[in-house]
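Trainee: See query-v3.cif below, with mmCIF, C-alpha atoms.
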```cif
data_structure
loop_
_atom_site.label_atom_id
_atom_site.label_comp_id
_atom_site.auth_asym_id
_atom_site.auth_seq_id
_atom_site.Cartn_x
_atom_site.Cartn_y
_atom_site.Cartn_z
CA MET S 1 29.88 -20.55 -15.51
CA VAL S 2 31.04 -20.44 -11.88
CA VAL S 3 31.83 -16.71 -12.27
CA MET S 4 28.30 -16.05 -13.60
CA LYS S 5 26.76 -18.06 -10.75
CA ASN S 6 28.80 -16.17 -8.15
CA GLY S 7 27.85 -12.88 -9.82
CA PHE S 8 24.16 -13.82 -9.68
CA ILE S 9 24.42 -14.75 -5.99
CA LYS S 10 26.14 -11.44 -5.19
CA LEU S 11 23.49 -9.51 -7.15
CA LYS S 12 20.70 -11.39 -5.34
CA PHE S 13 22.34 -10.62 -1.99
CA ARG S 14 22.66 -6.92 -2.88
CA ILE S 15 18.99 -6.74 -3.89
CA GLN S 16 17.87 -8.43 -0.67
CA GLU S 17 20.13 -6.13 1.34
CA PHE S 18 18.59 -3.08 -0.37
CA ILE S 19 15.01 -4.31 0.14
CA ASN S 20 15.67 -4.84 3.86
CA ASP S 21 17.10 -1.32 4.19
CA SER S 22 14.61 1.06 5.84
CA ARG S 23 15.59 3.76 3.33
CA ALA S 24 14.68 1.64 0.30
CA VAL S 25 11.01 2.62 -0.02
CA GLY S 26 11.72 6.34 0.14
CA ILE S 27 14.52 6.01 -2.43
CA ILE S 28 12.33 3.98 -4.83
CA LEU S 29 9.41 6.43 -4.53
CA LEU S 30 11.75 9.35 -5.23
CA VAL S 31 13.28 7.58 -8.25
CA CYS S 32 9.82 6.65 -9.61
CA THR S 33 8.64 10.26 -9.23
CA ILE S 34 11.65 11.70 -11.04
CA LEU S 35 11.43 9.00 -13.74
CA SER S 36 7.71 9.53 -14.33
CA LEU S 37 7.99 13.32 -14.48
CA THR S 38 10.94 13.04 -16.89
CA ILE S 39 9.26 10.55 -19.25
CA SER S 40 6.03 12.61 -19.23
CA ASN S 41 7.83 15.69 -20.52
CA ILE S 42 10.03 14.28 -23.30
CA SER S 43 9.07 13.88 -26.96
CA TRP S 44 6.85 10.80 -26.48
CA GLY S 45 5.61 11.80 -23.04
CA GLU S 46 2.01 12.15 -24.22
CA VAL S 47 1.96 8.42 -25.07
CA TYR S 48 3.15 7.60 -21.55
CA VAL S 49 0.52 9.82 -19.93
CA ALA S 50 -2.18 8.40 -22.20
CA PHE S 51 -1.23 4.85 -21.14
CA TRP S 52 -2.31 5.57 -17.57
CA GLU S 53 -5.46 7.45 -18.60
CA HIS S 54 -6.58 5.39 -21.61
CA PRO S 55 -10.16 4.17 -21.02
CA PHE S 56 -11.09 0.50 -21.25
CA HIS S 57 -14.35 -1.13 -20.27
CA PHE S 58 -15.40 -4.43 -18.73
CA PRO S 59 -17.15 -6.72 -21.29
CA ILE S 60 -20.33 -6.89 -19.18
CA ALA S 61 -21.85 -3.41 -19.32
CA SER S 62 -23.87 -3.81 -16.11
CA VAL S 63 -20.70 -4.45 -14.06
CA HIS S 64 -19.33 -1.02 -13.19
CA LEU S 65 -15.58 -1.13 -12.51
CA PRO S 66 -12.65 1.34 -12.84
CA HIS S 67 -12.15 2.16 -16.51
CA ALA S 68 -8.50 3.25 -16.74
CA MET S 69 -5.15 2.02 -15.45
CA LEU S 70 -4.85 5.12 -13.26
CA HIS S 71 -8.21 4.33 -11.64
CA TRP S 72 -7.29 0.67 -11.08
CA VAL S 73 -4.16 1.82 -9.26
CA ASN S 74 -5.95 4.47 -7.18
CA ASP S 75 -9.20 2.59 -6.50
CA GLY S 76 -8.01 -1.02 -6.62
CA LEU S 77 -4.36 -1.46 -5.64
CA MET S 78 -4.49 1.36 -3.10
CA ALA S 79 -7.21 -0.54 -1.23
CA VAL S 80 -4.45 -3.04 -0.38
CA PHE S 81 -2.28 -0.14 0.82
CA PHE S 82 -5.14 1.03 3.04
CA LEU S 83 -5.54 -2.55 4.32
CA LEU S 84 -1.90 -2.46 5.47
CA VAL S 85 -2.33 0.99 7.02
CA GLY S 86 -5.51 -0.15 8.77
CA MET S 87 -3.78 -3.20 10.22
CA GLU S 88 -0.91 -1.02 11.48
CA ILE S 89 -3.43 1.30 13.16
CA LYS S 90 -5.30 -1.62 14.77
CA ARG S 91 -2.12 -3.30 16.00
CA GLU S 92 -0.74 -0.08 17.46
CA VAL S 93 -4.05 0.70 19.21
CA LEU S 94 -4.53 -2.79 20.65
CA ASP S 95 -0.97 -3.89 21.29
CA GLY S 96 1.51 -1.14 20.49
CA GLU S 97 2.55 2.47 20.99
CA LEU S 98 -1.07 3.68 21.04
CA SER S 99 -2.34 0.96 23.38
CA SER S 100 -2.36 3.10 26.53
CA PHE S 101 -3.40 6.66 27.28
CA LYS S 102 0.03 7.55 28.66
CA LYS S 103 1.88 6.39 25.52
CA SER S 104 -0.64 7.62 22.95
CA ILE S 105 -1.77 11.04 24.19
CA LEU S 106 1.23 13.07 22.97
CA PRO S 107 1.42 11.63 19.40
CA ILE S 108 -2.39 11.90 19.16
CA LEU S 109 -2.39 15.58 20.17
CA ALA S 110 0.68 16.28 17.99
CA ALA S 111 -1.00 14.63 14.99
CA ILE S 112 -4.19 16.66 15.55
CA GLY S 113 -2.12 19.85 15.61
CA GLY S 114 -0.27 18.63 12.52
CA MET S 115 -3.58 18.22 10.70
CA LEU S 116 -5.55 21.27 11.85
CA VAL S 117 -2.84 23.93 11.40
CA PRO S 118 -1.92 22.91 7.81
CA ALA S 119 -5.62 22.75 6.86
CA ALA S 120 -6.18 26.21 8.38
CA LEU S 121 -3.16 27.69 6.55
CA TYR S 122 -4.37 26.18 3.28
CA LEU S 123 -7.84 27.71 3.76
CA LEU S 124 -6.23 31.05 4.59
CA ALA S 125 -4.08 30.97 1.44
CA SER S 126 -6.93 29.85 -0.84
CA ASN S 127 -9.65 32.04 0.71
CA GLY S 128 -11.79 33.69 -1.96
CA SER S 129 -10.69 31.22 -4.67
CA ASP S 130 -12.39 28.15 -6.15
CA PHE S 131 -9.82 25.82 -4.59
CA THR S 132 -10.75 25.75 -0.88
CA ARG S 133 -11.84 22.11 -1.28
CA GLY S 134 -8.17 21.13 -1.23
CA TRP S 135 -7.79 21.85 2.52
CA GLY S 136 -7.28 18.13 3.23
CA ILE S 137 -4.20 17.83 0.99
CA PRO S 138 -1.56 19.16 3.47
CA MET S 139 -2.99 17.18 6.41
CA ALA S 140 -1.19 13.92 5.59
CA THR S 141 2.26 12.51 6.38
CA ASP S 142 3.90 9.87 4.19
CA ILE S 143 5.15 7.13 6.54
CA ALA S 144 7.57 5.52 4.07
CA PHE S 145 9.21 8.75 2.90
CA SER S 146 9.49 10.42 6.31
CA LEU S 147 10.92 7.34 8.05
CA GLY S 148 13.23 6.77 5.08
CA ILE S 149 14.71 10.28 5.44
CA LEU S 150 14.96 9.85 9.22
CA SER S 151 16.83 6.56 8.80
CA LEU S 152 19.49 8.35 6.70
CA LEU S 153 20.64 9.98 9.93
CA GLY S 154 21.51 6.55 11.37
CA SER S 155 22.22 5.87 15.03
CA ARG S 156 22.51 9.56 15.91
CA ILE S 157 18.69 9.70 16.04
CA PRO S 158 17.07 8.33 19.24
CA THR S 159 14.82 5.31 18.72
CA ALA S 160 12.08 7.19 20.60
CA LEU S 161 11.91 9.74 17.77
CA LYS S 162 11.33 7.01 15.16
CA VAL S 163 8.58 5.51 17.33
CA PHE S 164 7.00 8.95 17.83
CA LEU S 165 7.07 9.73 14.09
CA THR S 166 5.60 6.31 13.23
CA ALA S 167 2.74 6.76 15.72
CA LEU S 168 2.08 10.31 14.51
CA ALA S 169 2.07 9.28 10.84
CA ILE S 170 -0.34 6.42 11.57
CA ILE S 171 -2.75 8.81 13.33
CA ASP S 172 -2.35 11.22 10.41
CA ASP S 173 -3.37 8.43 8.05
CA LEU S 174 -6.41 7.71 10.21
CA GLY S 175 -7.34 11.41 10.07
CA ALA S 176 -6.94 11.41 6.28
CA ILE S 177 -9.13 8.30 6.01
CA VAL S 178 -11.87 9.99 8.07
CA ALA S 179 -11.59 13.16 5.95
CA ILE S 180 -11.92 11.12 2.74
CA ALA S 181 -14.96 9.26 4.06
CA ILE S 182 -16.79 12.37 5.30
CA PHE S 183 -15.70 15.32 3.15
CA TYR S 184 -14.52 13.87 -0.17
CA THR S 185 -17.56 11.80 -1.03
CA ASP S 186 -20.18 12.92 -3.58
CA ASN S 187 -23.29 11.47 -5.22
CA ILE S 188 -24.21 8.71 -2.79
CA ASP S 189 -26.01 5.64 -4.16
CA TRP S 190 -27.98 4.61 -1.09
CA LEU S 191 -28.72 1.05 -2.22
CA TYR S 192 -25.02 0.22 -2.61
CA LEU S 193 -24.27 2.08 0.63
CA VAL S 194 -26.83 0.02 2.58
CA VAL S 195 -25.43 -3.24 1.14
CA SER S 196 -21.93 -2.01 2.10
CA GLY S 197 -23.17 -1.48 5.65
CA ILE S 198 -24.63 -5.00 5.80
CA ILE S 199 -21.36 -6.53 4.57
CA THR S 200 -19.43 -4.48 7.14
CA LEU S 201 -21.66 -5.82 9.92
CA LEU S 202 -21.11 -9.36 8.62
CA LEU S 203 -17.33 -8.89 8.71
CA PHE S 204 -17.35 -7.65 12.30
CA GLY S 205 -19.86 -10.38 13.21
CA MET S 206 -17.44 -12.99 11.88
CA ASN S 207 -14.73 -11.54 14.10
CA LYS S 208 -17.06 -11.63 17.11
CA ALA S 209 -17.93 -15.25 16.35
CA LYS S 210 -14.18 -16.04 16.10
CA PHE S 211 -14.53 -17.11 12.47
CA LYS S 212 -11.14 -18.39 11.30
CA SER S 213 -11.29 -18.56 7.47
CA LEU S 214 -9.32 -15.68 5.96
CA LEU S 215 -10.71 -16.65 2.54
CA ALA S 216 -14.23 -15.78 3.76
CA TYR S 217 -13.03 -12.41 5.10
CA PHE S 218 -11.33 -11.52 1.82
CA GLY S 219 -14.27 -12.77 -0.27
CA LEU S 220 -16.66 -10.48 1.58
CA ALA S 221 -14.09 -7.65 1.41
CA LEU S 222 -14.02 -7.90 -2.41
CA LEU S 223 -17.80 -7.61 -2.50
CA LEU S 224 -17.57 -4.68 -0.06
CA TRP S 225 -14.99 -3.01 -2.33
CA TYR S 226 -17.33 -3.31 -5.32
CA CYS S 227 -20.32 -1.92 -3.38
CA LEU S 228 -18.32 0.99 -1.97
CA PHE S 229 -16.93 1.77 -5.42
CA ASN S 230 -20.47 2.04 -6.77
CA SER S 231 -21.90 3.77 -3.69
CA GLY S 232 -19.94 6.99 -4.13
CA LEU S 233 -17.71 6.42 -1.10
CA HIS S 234 -14.10 5.79 -2.00
CA ALA S 235 -13.49 2.08 -2.62
CA THR S 236 -10.19 2.07 -0.72
CA LEU S 237 -12.18 2.34 2.53
CA ALA S 238 -12.88 -1.39 2.06
CA GLY S 239 -9.23 -2.03 2.96
CA VAL S 240 -9.56 -0.12 6.23
CA ILE S 241 -12.84 -1.86 7.16
CA LEU S 242 -11.33 -5.28 6.46
CA ALA S 243 -8.27 -4.43 8.57
CA LEU S 244 -10.43 -3.40 11.53
CA ALA S 245 -12.62 -6.51 11.20
CA LEU S 246 -9.78 -9.04 10.97
CA PRO S 247 -8.88 -10.99 14.14
CA LEU S 248 -5.75 -9.57 15.77
CA ARG S 249 -3.95 -12.93 15.61
CA HIS S 250 -3.94 -12.79 11.77
CA ILE S 251 -2.58 -9.26 11.53
CA PRO S 252 1.19 -9.81 12.16
CA VAL S 253 1.35 -12.53 9.47
CA LEU S 254 -0.66 -10.50 6.94
CA GLU S 255 1.41 -7.37 7.63
CA HIS S 256 4.58 -9.36 6.97
CA ARG S 257 3.19 -10.80 3.71
CA LEU S 258 1.85 -7.47 2.41
CA HIS S 259 4.73 -5.26 3.46
CA ARG S 260 6.96 -5.88 0.44
CA PRO S 261 4.24 -6.06 -2.26
CA VAL S 262 2.78 -2.77 -1.00
CA ASN S 263 6.10 -0.96 -0.58
CA PHE S 264 7.87 -2.29 -3.67
CA ILE S 265 5.01 -2.78 -6.16
CA ILE S 266 1.86 -0.84 -5.22
CA LEU S 267 3.43 2.40 -3.95
CA PRO S 268 5.93 2.65 -6.85
CA LEU S 269 3.04 2.08 -9.30
CA PHE S 270 1.07 4.78 -7.49
CA ALA S 271 4.02 7.17 -7.82
CA LEU S 272 4.48 6.36 -11.52
CA ALA S 273 0.77 6.69 -12.33
CA ASN S 274 0.06 9.84 -10.36
CA THR S 275 3.17 11.79 -11.32
CA ALA S 276 2.66 11.17 -15.04
CA ILE S 277 2.21 14.92 -15.39
CA LEU S 278 2.68 17.12 -18.44
CA LEU S 279 4.27 20.21 -16.89
CA PRO S 280 2.25 23.33 -17.74
CA THR S 281 3.80 25.63 -20.35
CA GLU S 282 3.10 28.62 -18.09
CA PHE S 283 4.83 27.09 -15.09
CA ASP S 284 5.01 30.39 -13.23
CA ASN S 285 1.20 30.62 -13.23
CA ALA S 286 1.00 27.23 -11.53
CA LEU S 287 3.50 28.39 -8.90
CA ARG S 288 1.37 31.47 -8.21
CA SER S 289 -1.83 29.44 -7.76
CA PRO S 290 -3.65 29.57 -4.39
CA ILE S 291 -3.38 25.76 -4.45
CA THR S 292 0.42 25.96 -4.50
CA TYR S 293 0.57 28.62 -1.78
CA GLY S 294 -1.84 26.65 0.41
CA ILE S 295 -0.02 23.31 0.06
CA LEU S 296 3.46 24.82 0.56
CA LEU S 297 2.31 26.78 3.61
CA GLY S 298 0.45 23.77 5.00
CA LEU S 299 3.16 21.13 4.60
CA VAL S 300 6.38 23.13 5.01
CA LEU S 301 5.22 25.56 7.73
CA GLY S 302 1.94 24.21 9.10
CA LYS S 303 3.15 20.69 9.92
CA PRO S 304 6.15 21.62 12.13
CA LEU S 305 4.25 24.54 13.65
CA GLY S 306 1.15 22.50 14.52
CA ILE S 307 3.05 19.46 15.82
CA THR S 308 5.57 21.42 17.92
CA LEU S 309 3.10 24.00 19.27
CA ILE S 310 0.44 21.49 20.36
CA SER S 311 3.08 19.18 21.85
CA PHE S 312 4.61 22.07 23.80
CA ILE S 313 1.21 23.18 25.14
CA ALA S 314 0.28 19.59 26.11
CA VAL S 315 3.55 19.09 28.02
CA LYS S 316 3.33 22.49 29.76
CA LEU S 317 -0.26 21.75 30.84
CA LYS S 318 0.96 18.34 32.08
CA LEU S 319 -1.47 16.53 29.77
CA ALA S 320 1.47 14.55 28.41
CA THR S 321 5.20 14.07 28.91
CA LEU S 322 8.01 14.30 26.38
CA PRO S 323 9.40 10.81 25.62
CA GLN S 324 12.68 10.06 27.36
CA GLY S 325 15.72 11.00 25.28
CA LEU S 326 13.90 13.57 23.15
CA SER S 327 14.29 17.34 23.18
CA TRP S 328 12.17 20.06 21.59
CA LYS S 329 14.71 20.24 18.75
CA HIS S 330 13.91 16.60 17.99
CA ILE S 331 10.18 17.37 17.93
CA LEU S 332 10.68 20.35 15.61
CA GLY S 333 12.89 18.32 13.27
CA MET S 334 10.33 15.53 13.24
CA GLY S 335 7.63 18.11 12.49
CA LEU S 336 9.60 19.24 9.45
CA LEU S 337 9.85 15.63 8.21
CA ALA S 338 6.10 15.21 8.79
CA GLY S 339 5.64 17.79 6.03
CA ILE S 340 6.47 15.01 3.54
CA GLY S 341 2.89 14.39 2.42
CA PHE S 342 3.43 12.64 -0.93
CA THR S 343 1.33 9.44 -1.17
CA MET S 344 -1.75 10.42 0.84
CA SER S 345 -1.56 14.11 -0.16
CA ILE S 346 -1.53 13.25 -3.87
CA PHE S 347 -4.32 10.76 -3.25
CA ILE S 348 -6.51 13.45 -1.61
CA ALA S 349 -5.63 15.93 -4.39
CA MET S 350 -7.15 13.50 -6.91
CA LEU S 351 -10.36 13.47 -4.87
CA ALA S 352 -10.46 17.19 -4.09
CA PHE S 353 -10.36 18.48 -7.67
CA ASP S 354 -12.10 17.32 -10.83
CA ASP S 355 -10.22 19.74 -13.07
CA ASN S 356 -7.01 18.31 -14.58
CA THR S 357 -5.16 21.63 -14.30
CA ALA S 358 -5.97 21.91 -10.58
CA GLN S 359 -4.93 18.28 -10.02
CA THR S 360 -1.61 18.85 -11.82
CA THR S 361 -0.92 22.03 -9.85
CA ALA S 362 -1.72 20.26 -6.57
CA LYS S 363 0.52 17.26 -7.41
CA LEU S 364 3.46 19.51 -8.34
CA ALA S 365 2.98 21.53 -5.15
CA VAL S 366 2.91 18.33 -3.04
CA ILE S 367 6.12 17.07 -4.69
CA VAL S 368 7.94 20.41 -4.17
CA ALA S 369 6.67 20.78 -0.57
CA SER S 370 7.57 17.17 0.29
CA LEU S 371 11.09 17.50 -1.10
CA LEU S 372 11.58 20.81 0.70
CA SER S 373 10.26 19.43 4.00
CA GLY S 374 12.46 16.35 3.74
CA LEU S 375 15.56 18.43 2.99
CA LEU S 376 14.89 20.92 5.80
CA GLY S 377 14.13 18.15 8.31
CA PHE S 378 17.26 16.21 7.38
CA ILE S 379 19.57 19.26 7.57
CA PHE S 380 18.02 20.50 10.84
CA LEU S 381 18.27 17.14 12.63
CA LYS S 382 21.78 16.48 11.31
CA PHE S 383 23.00 19.90 12.42
CA THR S 384 21.25 19.62 15.80
CA GLN S 385 22.75 16.20 16.53
CA ARG S 386 26.25 17.26 15.51
CA LYS S 387 26.03 20.33 17.71
#
```
Once you've parsed the file, please lay out its structure as structure tokens.
Mentor:
Amino acid sequence: MVVMKNGFIKLKFRIQEFINDSRAVGIILLVCTILSLTISNISWGEVYVAFWEHPFHFPIASVHLPHAMLHWVNDGLMAVFFLLVGMEIKREVLDGELSSFKKSILPILAAIGGMLVPAALYLLASNGSDFTRGWGIPMATDIAFSLGILSLLGSRIPTALKVFLTALAIIDDLGAIVAIAIFYTDNIDWLYLVVSGIITLLLFGMNKAKFKSLLAYFGLALLLWYCLFNSGLHATLAGVILALALPLRHIPVLEHRLHRPVNFIILPLFALANTAILLPTEFDNALRSPITYGILLGLVLGKPLGITLISFIAVKLKLATLPQGLSWKHILGMGLLAGIGFTMSIFIAMLAFDDNTAQTTAKLAVIVASLLSGLLGFIFLKFTQRK
């Protein structure tokens, strides 16, 4: 009995130690991706895929809600992910690495370069095809994955590089959110959109009036989520709006409470649901798709090129200064890691294409490009630091 109790305590300690490790989220997402792809392509894989896509309907017909597990993950749970991202953006802008012009200008310019160049390369690769709408897919950087790979290098990496990558990834997420809101929205229902606007004004009015009840904020946010879902805008924007409306004093506590549920429940579920992919029988055709070329070019080449080139120009023009302790090799290595798009890239791929074949091709390309970018970034930074 004592042996079992000691074993349980040791197991509990190991689990807590793993959860507190900065590499844990990246490892879990990678494991979930491999697991989901494997299950999807074995003998009973079709049952697994059908589980995520099987339609079910709310008993009250007039209440329009997501009608499949996949949609509940992407439209519902991911709103909580966007809430966390939104709070990180707000905190960094008001009281963090983006709170002053001097500290924020270089990561802002680097992030812009890291969004525009990949989008341009994607458009170049897909020009003349029916897939140009996917230009937003290679714009994003996955914070959890990229920081997880960077943390594998340990103390040999300057803290300034981790801060720079975090700030850049946050700005990337903001850019992706803006792109989703403006370019990946169809069939607007103006009544629901107007009501969404009124609720948004109420939320910011509550902040202005120093309203303290978090329950009231979240109650209105749920109503906002429903209205946005039915308006044609993506429902996850409700999470961002709530984050920006919340009083700053509540944000550190909420971030702490949401960090583990988002990283260890919501993101793994997102990975499992969105990589439940039946690999195409003609795999070589998928690899030769303009979608694949565009995403690979955008993430693997466009990200490091855009980030490094714009940063170099900004420093040479004396618009910004390179953070102390960093060299251009660090910036290039970080740019390679920024090519890990995964979560947000797959999310945009689901919005960019209605066709299942195009979605599958885009997801596979994002996975391959993200793995390649992570491997190249890790090897380059490890070799550079050793040298």
Trainee: Give me, as a VMD selection string, all polymer residues having an atom no more than 12 Å from region 377-380 of chain S, counting all atoms listed in the file and skipping those fewer than 4 positions away in the same chain.
Mentor: chain S and resid 145 to 154 157 299 to 301 303 to 304 329 to 340 369 to 373 384 to 387
Trainee: Translate the PyMOL selection byres ((chain S and resi 207-216) around 12) into a concrete residue list for this structure, as number ranges by chain.
Mentor: S: 199-206, 217-223, 242-251, 253-254
Trainee: Quick one: write out the picked residues with C-alpha atoms as a PDB file, keeping the file's coordinate frame?
Mentor:
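File written: result_7.pdb
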```
ATOM      1  CA  ILE S 199     -21.360  -6.530   4.570  1.00  0.00           C
ATOM      2  CA  THR S 200     -19.430  -4.480   7.140  1.00  0.00           C
ATOM      3  CA  LEU S 201     -21.660  -5.820   9.920  1.00  0.00           C
ATOM      4  CA  LEU S 202     -21.110  -9.360   8.620  1.00  0.00           C
ATOM      5  CA  LEU S 203     -17.330  -8.890   8.710  1.00  0.00           C
ATOM      6  CA  PHE S 204     -17.350  -7.650  12.300  1.00  0.00           C
ATOM      7  CA  GLY S 205     -19.860 -10.380  13.210  1.00  0.00           C
ATOM      8  CA  MET S 206     -17.440 -12.990  11.880  1.00  0.00           C
ATOM      9  CA  TYR S 217     -13.030 -12.410   5.100  1.00  0.00           C
ATOM     10  CA  PHE S 218     -11.330 -11.520   1.820  1.00  0.00           C
ATOM     11  CA  GLY S 219     -14.270 -12.770  -0.270  1.00  0.00           C
ATOM     12  CA  LEU S 220     -16.660 -10.480   1.580  1.00  0.00           C
ATOM     13  CA  ALA S 221     -14.090  -7.650   1.410  1.00  0.00           C
ATOM     14  CA  LEU S 222     -14.020  -7.900  -2.410  1.00  0.00           C
ATOM     15  CA  LEU S 223     -17.800  -7.610  -2.500  1.00  0.00           C
ATOM     16  CA  LEU S 242     -11.330  -5.280   6.460  1.00  0.00           C
ATOM     17  CA  ALA S 243      -8.270  -4.430   8.570  1.00  0.00           C
ATOM     18  CA  LEU S 244     -10.430  -3.400  11.530  1.00  0.00           C
ATOM     19  CA  ALA S 245     -12.620  -6.510  11.200  1.00  0.00           C
ATOM     20  CA  LEU S 246      -9.780  -9.040  10.970  1.00  0.00           C
ATOM     21  CA  PRO S 247      -8.880 -10.990  14.140  1.00  0.00           C
ATOM     22  CA  LEU S 248      -5.750  -9.570  15.770  1.00  0.00           C
ATOM     23  CA  ARG S 249      -3.950 -12.930  15.610  1.00  0.00           C
ATOM     24  CA  HIS S 250      -3.940 -12.790  11.770  1.00  0.00           C
ATOM     25  CA  ILE S 251      -2.580  -9.260  11.530  1.00  0.00           C
ATOM     26  CA  VAL S 253       1.350 -12.530   9.470  1.00  0.00           C
ATOM     27  CA  LEU S 254      -0.660 -10.500   6.940  1.00  0.00           C
TER      28      LEU S 254
END
```
Trainee: What are the nearest atom pairs, with distances in Å to one decimal, for all residues of region 216-292 of chain S that come at most 9 Å from region 177-182 of chain S, using only C-alpha atoms, set out by chain and rising residue number as JSON lines?
Mentor:
```
{"residue": "S:Leu233", "atom": "CA", "partner": "S:Ala181", "partner_atom": "CA", "distance": 6.5}
{"residue": "S:His234", "atom": "CA", "partner": "S:Ala181", "partner_atom": "CA", "distance": 7.0}
{"residue": "S:Leu237", "atom": "CA", "partner": "S:Ile177", "partner_atom": "CA", "distance": 7.5}
{"residue": "S:Val240", "atom": "CA", "partner": "S:Ile177", "partner_atom": "CA", "distance": 8.4}
```
Trainee: If we count only C-alpha atoms, what is near Tyr184 (chain S) at a cut-off of 12 Å, once residues fewer than 3 positions away on the same chain are taken out, given as JSON, numbers by chain?
Mentor: {"S": [133, 134, 135, 136, 137, 176, 177, 178, 179, 180, 181, 187, 188, 232, 233, 234, 347, 348, 349, 350, 351, 352, 353, 354]}
Trainee: Go ahead and compute the interatomic distance for CA of Pro323 (chain S) and CA of Leu376 (chain S), in Å to one decimal.
Mentor: 22.9 Å
Trainee: So how far away is CA of Ile313 (chain S) from CA of Glu92 (chain S), in Å?
Mentor: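 Separating CA of Glu92 (chain S) from CA of Ile313 (chain S) is a distance of 24.6 Å.
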Trainee: Mind pulling up the distance from CA of Ala111 (chain S) to CA of Leu168 (chain S)?
Mentor: 5.3 Å
Trainee: Let me make sure I understand: among S:Met69, S:Leu121, S:Ala276, S:Leu83, which one has the smallest atom-to-atom distance to Gly306 (chain S) if we use all atoms listed in the file?
Mentor: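 Using all atoms listed in the file, Gly306 (chain S) sits closest to S:Leu121.
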Trainee: Calculated over all atoms listed in the file, which of the candidates S:Tyr293, S:Ser311, S:Val368, S:Asp95 has the smallest distance to Asn127 (chain S)?
Mentor: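 Result for the nearest residue to Asn127 (chain S): S:Tyr293.
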Trainee: Need the shell around Trp328 (chain S): protein/DNA/RNA residues with any atom at most 9 Å away, counting all atoms listed in the file. Skip same-chain ones fewer than 6 positions apart. Format as a list in words?
Mentor: Thr308, Phe312 and Leu322 of chain S
Trainee: Could you check the closest approach to Ala120 (chain S) for each of S:Thr132, S:Asp355, S:Thr361, S:Lys318 and tell me which residue wins, using only C-alpha atoms?
Mentor: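 Ranked by minimum distance to Ala120 (chain S), first place goes to S:Thr132.
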Trainee: Do you know which residues are at most 7 Å from Pro118 (chain S) counting only C-alpha atoms, after dropping those on the same chain fewer than 3 positions away, and could you put them as a list in words?
Mentor: Gly114, Met115, Leu121, Tyr122, Pro138, Met139, Gly298, Leu299, Gly302 and Lys303 of chain S
Trainee: Translate the PyMOL selection byres ((chain S and resi 290) around 8), as applied to the file shown, into an explicit residue set as a list in words.
Mentor: Ala125, Ser126, Ser129, Phe131, Arg288, Ser289, Ile291, Thr292, Tyr293 and Gly294 of chain S
Trainee: Pick from S:Thr141, S:Ser40, S:Asn356, S:Ser327: nearest to Pro158 (chain S), with all atoms listed in the file counted?
Mentor: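 The answer is S:Ser327, which sits nearest to Pro158 (chain S).
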